[in-house]
$ cat input33.txt   # compact mmCIF, C-alpha atoms
# COMPACT_ATOMS: atom_id res chain seq x y z
CA MET A 1 139.50 -75.32 87.79
CA ARG A 2 140.75 -78.69 88.95
CA SER A 3 142.12 -81.24 86.49
CA ILE A 4 140.32 -84.58 86.37
CA TRP A 5 142.84 -86.53 84.27
CA LYS A 6 146.50 -86.25 83.40
CA GLY A 7 148.41 -87.91 80.57
CA SER A 8 149.75 -87.22 77.12
CA LEU A 9 148.36 -86.54 73.68
CA ALA A 10 150.10 -88.71 71.08
CA PHE A 11 150.08 -88.13 67.32
CA GLY A 12 152.75 -89.87 65.28
CA LEU A 13 156.02 -89.71 67.18
CA VAL A 14 155.00 -86.51 69.00
CA ASN A 15 153.84 -86.66 72.61
CA VAL A 16 152.15 -83.64 74.20
CA PRO A 17 151.76 -83.80 78.02
CA VAL A 18 148.33 -82.44 78.95
CA LYS A 19 145.93 -82.00 81.84
CA VAL A 20 142.21 -82.49 81.26
CA TYR A 21 139.52 -80.21 82.72
CA SER A 22 135.75 -80.32 82.42
CA ALA A 23 134.81 -77.49 80.07
CA THR A 24 131.22 -77.10 81.27
CA GLU A 25 129.35 -76.87 84.56
CA ASP A 26 125.74 -77.30 85.61
CA HIS A 27 123.91 -74.24 86.95
CA ASP A 28 120.62 -76.01 87.65
CA VAL A 29 119.06 -75.43 91.09
CA SER A 30 119.41 -78.49 93.35
CA PHE A 31 116.51 -79.67 95.49
CA HIS A 32 116.06 -82.12 98.38
CA GLN A 33 113.05 -84.35 98.88
CA VAL A 34 111.25 -83.53 102.13
CA HIS A 35 108.09 -84.51 103.97
CA ALA A 36 105.54 -81.88 102.85
CA GLU A 37 103.86 -81.90 106.28
CA ASP A 38 106.84 -80.96 108.46
CA GLY A 39 109.75 -80.31 106.03
CA GLY A 40 111.77 -83.27 107.31
CA ARG A 41 114.43 -84.59 104.93
CA ILE A 42 113.62 -87.83 103.10
CA ARG A 43 116.60 -90.18 103.07
CA TYR A 44 117.16 -93.38 101.15
CA GLN A 45 119.10 -96.23 102.70
CA ARG A 46 121.42 -98.58 100.82
CA ARG A 47 120.33 -101.84 102.41
CA CYS A 48 121.76 -105.25 101.51
CA GLU A 49 119.07 -107.74 100.45
CA VAL A 50 121.01 -110.66 101.94
CA CYS A 51 121.99 -109.59 105.46
CA GLY A 52 119.64 -106.64 105.85
CA GLU A 53 122.41 -104.26 106.92
CA VAL A 54 122.63 -100.64 105.77
CA VAL A 55 125.96 -100.22 103.99
CA THR A 56 128.17 -97.18 103.36
CA TYR A 57 129.60 -96.19 99.97
CA ASP A 58 133.02 -97.66 100.78
CA GLN A 59 131.38 -101.06 101.26
CA ILE A 60 129.73 -101.03 97.83
CA ALA A 61 131.29 -102.82 94.86
CA LYS A 62 130.24 -103.26 91.24
CA ALA A 63 128.88 -106.62 90.07
CA PHE A 64 127.89 -108.20 86.77
CA ASP A 65 125.10 -110.77 86.44
CA SER A 66 125.34 -113.25 83.57
CA GLU A 67 122.30 -114.47 81.64
CA ASP A 68 122.36 -117.78 83.55
CA GLY A 69 122.21 -116.01 86.92
CA GLN A 70 125.90 -116.08 87.85
CA ARG A 71 127.32 -113.00 89.56
CA VAL A 72 130.90 -111.72 89.68
CA ILE A 73 132.13 -108.80 91.77
CA LEU A 74 134.66 -106.32 90.32
CA THR A 75 136.81 -104.26 92.68
CA ASP A 76 138.43 -100.87 92.11
CA GLU A 77 141.72 -102.73 91.77
CA ASP A 78 140.28 -104.85 88.97
CA PHE A 79 139.39 -101.72 86.99
CA LYS A 80 142.77 -100.10 87.62
CA ASN A 81 144.60 -103.18 86.33
CA LEU A 82 142.85 -103.18 82.95
CA PRO A 83 145.49 -102.41 80.27
CA ALA A 84 143.42 -99.66 78.61
CA GLN A 85 142.72 -97.96 81.95
CA ALA A 86 146.37 -97.99 83.00
CA LYS A 87 147.48 -96.28 79.78
CA HIS A 88 147.27 -92.52 80.32
CA GLU A 89 147.45 -91.56 76.68
CA ILE A 90 145.09 -89.81 74.28
CA GLU A 91 145.94 -91.44 70.97
CA VAL A 92 145.18 -89.64 67.70
CA LEU A 93 143.72 -92.20 65.30
CA GLN A 94 143.03 -90.02 62.24
CA PHE A 95 142.31 -86.50 61.03
CA VAL A 96 138.95 -85.96 59.34
CA PRO A 97 137.20 -82.96 57.69
CA ASN A 98 135.32 -80.92 60.30
CA GLU A 99 131.97 -81.25 58.53
CA GLN A 100 132.06 -85.05 58.69
CA ILE A 101 131.45 -85.14 62.45
CA ASP A 102 127.76 -85.78 63.07
CA PRO A 103 126.73 -83.55 66.05
CA ILE A 104 124.50 -86.31 67.43
CA LEU A 105 127.63 -88.28 68.33
CA LEU A 106 129.11 -85.48 70.47
CA ASP A 107 128.75 -85.74 74.25
CA LYS A 108 130.77 -83.87 76.92
CA SER A 109 133.52 -81.29 76.35
CA TYR A 110 136.92 -81.08 78.09
CA TYR A 111 139.73 -78.52 77.90
CA LEU A 112 143.33 -79.68 77.41
CA GLU A 113 146.03 -77.67 79.15
CA PRO A 114 149.68 -78.10 78.08
CA ASP A 115 151.59 -79.74 80.94
CA SER A 116 155.22 -79.17 80.01
CA ARG A 117 157.78 -76.38 80.25
CA SER A 118 157.60 -75.81 76.52
CA PRO A 119 154.11 -75.72 74.95
CA LYS A 120 155.54 -75.77 71.41
CA ALA A 121 154.19 -79.22 70.48
CA TYR A 122 150.76 -78.21 71.84
CA ALA A 123 150.81 -74.99 69.79
CA LEU A 124 151.96 -76.91 66.71
CA LEU A 125 149.02 -79.31 66.85
CA ARG A 126 146.57 -76.46 67.49
CA ARG A 127 147.90 -74.48 64.55
CA THR A 128 147.87 -77.53 62.27
CA LEU A 129 144.21 -78.28 63.06
CA GLU A 130 143.27 -74.66 62.37
CA GLU A 131 145.03 -74.42 59.02
CA THR A 132 143.94 -77.81 57.68
CA ASP A 133 140.26 -77.49 58.80
CA ARG A 134 140.51 -80.94 60.29
CA THR A 135 139.27 -82.60 63.47
CA ALA A 136 141.40 -85.26 65.15
CA ILE A 137 139.61 -88.45 66.17
CA VAL A 138 141.20 -89.67 69.41
CA HIS A 139 140.89 -92.69 71.65
CA PHE A 140 141.54 -92.90 75.42
CA ALA A 141 140.30 -94.43 78.68
CA MET A 142 138.88 -92.37 81.55
CA ARG A 143 136.65 -93.21 84.51
CA ASN A 144 136.39 -96.92 83.77
CA LYS A 145 135.34 -96.43 80.17
CA THR A 146 137.07 -96.46 76.80
CA ARG A 147 136.13 -93.33 74.90
CA LEU A 148 136.19 -92.08 71.34
CA ALA A 149 136.46 -88.29 71.07
CA ALA A 150 136.84 -85.39 68.66
CA LEU A 151 139.85 -83.12 69.24
CA ARG A 152 139.39 -79.59 67.90
CA VAL A 153 140.40 -75.99 68.51
CA ARG A 154 138.36 -73.44 70.48
CA GLY A 155 140.10 -70.09 70.59
CA ASP A 156 143.59 -70.73 71.95
CA VAL A 157 142.83 -74.04 73.63
CA LEU A 158 142.51 -77.63 72.43
CA VAL A 159 139.18 -79.23 73.30
CA ILE A 160 138.15 -82.86 73.22
CA GLN A 161 134.49 -83.75 72.93
CA THR A 162 133.72 -87.31 73.91
CA MET A 163 131.58 -89.18 71.42
CA ILE A 164 129.04 -91.91 71.90
CA TRP A 165 129.62 -95.06 69.88
CA PRO A 166 127.63 -95.36 66.62
CA ASP A 167 125.67 -98.36 67.92
CA GLU A 168 124.40 -96.17 70.80
CA VAL A 169 122.46 -93.93 68.37
CA ARG A 170 118.89 -95.10 67.97
CA ASP A 171 117.30 -95.45 64.54
CA ALA A 172 114.60 -92.87 63.78
CA ALA A 173 112.09 -95.46 62.62
CA PHE A 174 108.86 -93.43 62.55
CA PRO A 175 106.06 -94.61 60.21
CA ALA A 176 105.00 -91.01 59.53
CA LEU A 177 108.38 -90.37 57.88
CA ASP A 178 107.69 -93.07 55.29
CA GLU A 179 105.15 -90.80 53.65
CA GLN A 180 106.47 -88.10 51.31
CA PRO A 181 103.99 -85.19 51.33
CA THR A 182 103.83 -82.93 48.30
CA ILE A 183 105.36 -79.50 48.90
CA SER A 184 104.59 -76.81 46.35
CA ASP A 185 107.13 -74.30 45.06
CA LYS A 186 105.10 -71.50 46.62
CA GLU A 187 105.16 -73.14 50.08
CA LEU A 188 108.90 -73.72 49.82
CA ALA A 189 109.51 -70.13 48.72
CA MET A 190 107.44 -68.71 51.59
CA SER A 191 109.25 -70.93 54.08
CA ALA A 192 112.65 -69.84 52.73
CA SER A 193 111.49 -66.20 52.94
CA LEU A 194 110.63 -66.66 56.61
CA VAL A 195 114.03 -68.22 57.28
CA GLU A 196 115.77 -65.32 55.55
CA SER A 197 113.81 -62.76 57.60
CA MET A 198 115.02 -64.44 60.82
CA ALA A 199 118.61 -65.06 59.69
CA GLU A 200 121.31 -63.77 62.08
CA ASP A 201 124.84 -64.60 63.21
CA PHE A 202 124.70 -66.89 66.23
CA ASP A 203 125.63 -65.33 69.58
CA ALA A 204 125.11 -67.70 72.52
CA SER A 205 125.36 -64.82 75.04
CA ALA A 206 122.14 -63.37 73.62
CA PHE A 207 120.14 -66.21 75.16
CA THR A 208 119.34 -66.79 78.83
CA ASP A 209 117.94 -69.62 80.93
CA ASP A 210 114.66 -67.90 81.85
CA TYR A 211 113.31 -70.85 83.85
CA THR A 212 116.32 -71.06 86.19
CA ALA A 213 116.37 -67.27 86.65
CA GLN A 214 112.65 -67.22 87.55
CA LEU A 215 113.11 -70.21 89.85
CA LYS A 216 115.92 -68.45 91.74
CA GLN A 217 113.72 -65.33 92.06
CA LEU A 218 110.93 -67.47 93.50
CA ILE A 219 113.30 -69.07 96.04
CA ASP A 220 114.72 -65.66 97.05
CA ALA A 221 111.18 -64.33 97.52
CA LYS A 222 110.31 -67.23 99.83
CA LEU A 223 113.55 -66.77 101.79
CA THR A 224 112.92 -63.08 102.34
CA GLY A 225 109.15 -63.36 102.71
CA GLY A 226 109.11 -65.33 105.94
CA GLU A 227 108.45 -68.74 104.39
CA SER A 228 111.83 -70.24 105.36
CA PHE A 229 112.77 -72.17 108.49
CA THR A 230 115.92 -73.62 110.02
CA ALA A 231 116.33 -77.21 108.90
CA VAL A 232 117.21 -79.62 111.70
CA GLU A 233 119.05 -82.62 110.34
CA GLN A 234 118.97 -85.78 112.41
CA GLU A 235 121.62 -88.48 112.26
CA GLU A 236 120.58 -91.77 110.76
CA GLU A 237 120.44 -94.43 113.44
CA THR A 238 120.91 -97.27 110.97
CA THR A 239 122.68 -99.60 113.42
CA ASP A 240 119.83 -99.38 115.91
CA VAL A 241 117.33 -100.20 113.16
CA VAL A 242 119.25 -103.32 112.18
CA ASP A 243 119.66 -104.33 115.84
CA LEU A 244 115.92 -103.87 116.42
CA VAL A 245 115.05 -106.09 113.46
CA ALA A 246 117.48 -108.73 114.72
CA ALA A 247 116.06 -108.51 118.23
CA LEU A 248 112.50 -108.90 116.97
CA ARG A 249 113.49 -111.86 114.82
CA LYS A 250 115.20 -113.50 117.79
CA SER A 251 112.16 -112.85 120.00
CA VAL A 252 109.86 -114.53 117.48
CA GLU A 253 112.18 -117.56 117.25
CA GLU A 254 112.41 -117.88 121.04
CA ARG A 255 108.64 -117.53 121.37
CA LYS A 256 108.17 -120.27 118.77
CA LYS A 257 110.58 -122.56 120.62
CA ALA A 258 108.77 -121.88 123.89
CA ARG A 259 105.40 -122.82 122.34
CA GLU A 260 106.85 -126.03 120.88
CA ALA A 261 108.39 -126.95 124.25
CA ALA A 262 105.10 -126.27 126.03
CA LYS A 263 103.22 -128.38 123.49
CA LYS A 264 105.61 -131.31 123.95
CA ALA A 265 105.35 -131.02 127.74
CA SER A 266 101.55 -131.03 127.52
CA GLU A 267 101.50 -134.06 125.25
CA LYS A 268 103.90 -135.90 127.58
CA ALA A 269 101.77 -135.10 130.62
CA SER A 270 98.63 -136.43 128.94
$ encode --input "input33.txt" --output "structure tokens"
Amino acid sequence: MRSIWKGSLAFGLVNVPVKVYSATEDHDVSFHQVHAEDGGRIRYQRRCEVCGEVVTYDQIAKAFDSEDGQRVILTDEDFKNLPAQAKHEIEVLQFVPNEQIDPILLDKSYYLEPDSRSPKAYALLRRTLEETDRTAIVHFAMRNKTRLAALRVRGDVLVIQTMIWPDEVRDAAFPALDEQPTISDKELAMSASLVESMAEDFDASAFTDDYTAQLKQLIDAKLTGGESFTAVEQEEETTDVVDLVAALRKSVEERKKAREAAKKASEKAS
């Protein structure tokens, strides 16, 4: 794995140097959009609305539009110079009981690797979290965003799970929930009996992504069944397209000037 962030974990006067790694990966099958008739790749151009030119990623900047229509452009340097972004520290704010973390707030998971010659401080924090049944609420900045996260133990490694902010959780305002249907004791007992009959210890490895497995089988069958072909990728001639538009525009302008000149000459002659 490759670390995506490097800094220190701070709780009290203790600083634990760490490296951060993404704990999960996506196994979904990736597709391209193609022309169904000939299999040609469909490409989307990033074209400027002002000058009409096709721009590359290194020419693109982020901008913010105010309510009154004013626009400001923020550069990579602007983001780097923000105080929160420049501070490479995961700060522990408090320790809370594990059961108080609402799962709906949890987002993406990251592993923390100790980044010092002696991992004693790392091991101390891990052991403390285990024995106190607590989760550390931490605060840090990564990828141009200030994040709140839950720091917990998974096996022998510390894991942080980024959390969405409470105001990002939508209210479940459904009119049907306002009604309180009557549930009989018999119905509740039967429902509980069904739950008990299906009760097991959770084992994530017992479940598989059937859709992705079947999709890969379908793709393999097409590859081996003579339905594949060699894709020929053509370079985008974006400059020529822009030049052609400019040339056409210039031709129209020159033609217009020629008509106006001819009209003036005709009126002068008459």
$ closest_residue --input "input33.txt" --among "A:Ala176, A:Ile219, A:Leu112, A:Leu106" --to "Lys19 of chain A" --atoms "only C-alpha atoms"
A:Leu112
$ atom_distance --input "input33.txt" --atom1 "atom CA of Ala23 of chain A" --atom2 "atom CA of Tyr110 of chain A"
4.6 Å
$ residues_around --input "input33.txt" --residues "Ile4 of chain A" --least-positions-apart "2" --cutoff "9 Å" --atoms "only C-alpha atoms" --output "PyMOL selection string"
chain A and resi 2+6+19-22
$ atom_distance --input "input33.txt" --atom1 "atom CA of Ala136 of chain A" --atom2 "atom CA of Ala149 of chain A"
8.3 Å
$ atom_distance --input "input33.txt" --atom1 "atom CA of Pro103 of chain A" --atom2 "atom CA of Pro175 of chain A"
24.2 Å
$ residues_around --input "input33.txt" --residues "Trp165 of chain A" --least-positions-apart "3" --cutoff "10 Å" --atoms "all atoms listed in the file" --output "PDB file with C-alpha atoms, in the frame of the given file"
ATOM      1  CA  LEU A 105     127.630 -88.280  68.330  1.00  0.00           C
ATOM      2  CA  LEU A 106     129.110 -85.480  70.470  1.00  0.00           C
ATOM      3  CA  ARG A 147     136.130 -93.330  74.900  1.00  0.00           C
ATOM      4  CA  LEU A 148     136.190 -92.080  71.340  1.00  0.00           C
ATOM      5  CA  ALA A 149     136.460 -88.290  71.070  1.00  0.00           C
ATOM      6  CA  THR A 162     133.720 -87.310  73.910  1.00  0.00           C
ATOM      7  CA  GLU A 168     124.400 -96.170  70.800  1.00  0.00           C
ATOM      8  CA  VAL A 169     122.460 -93.930  68.370  1.00  0.00           C
TER       9      VAL A 169
END
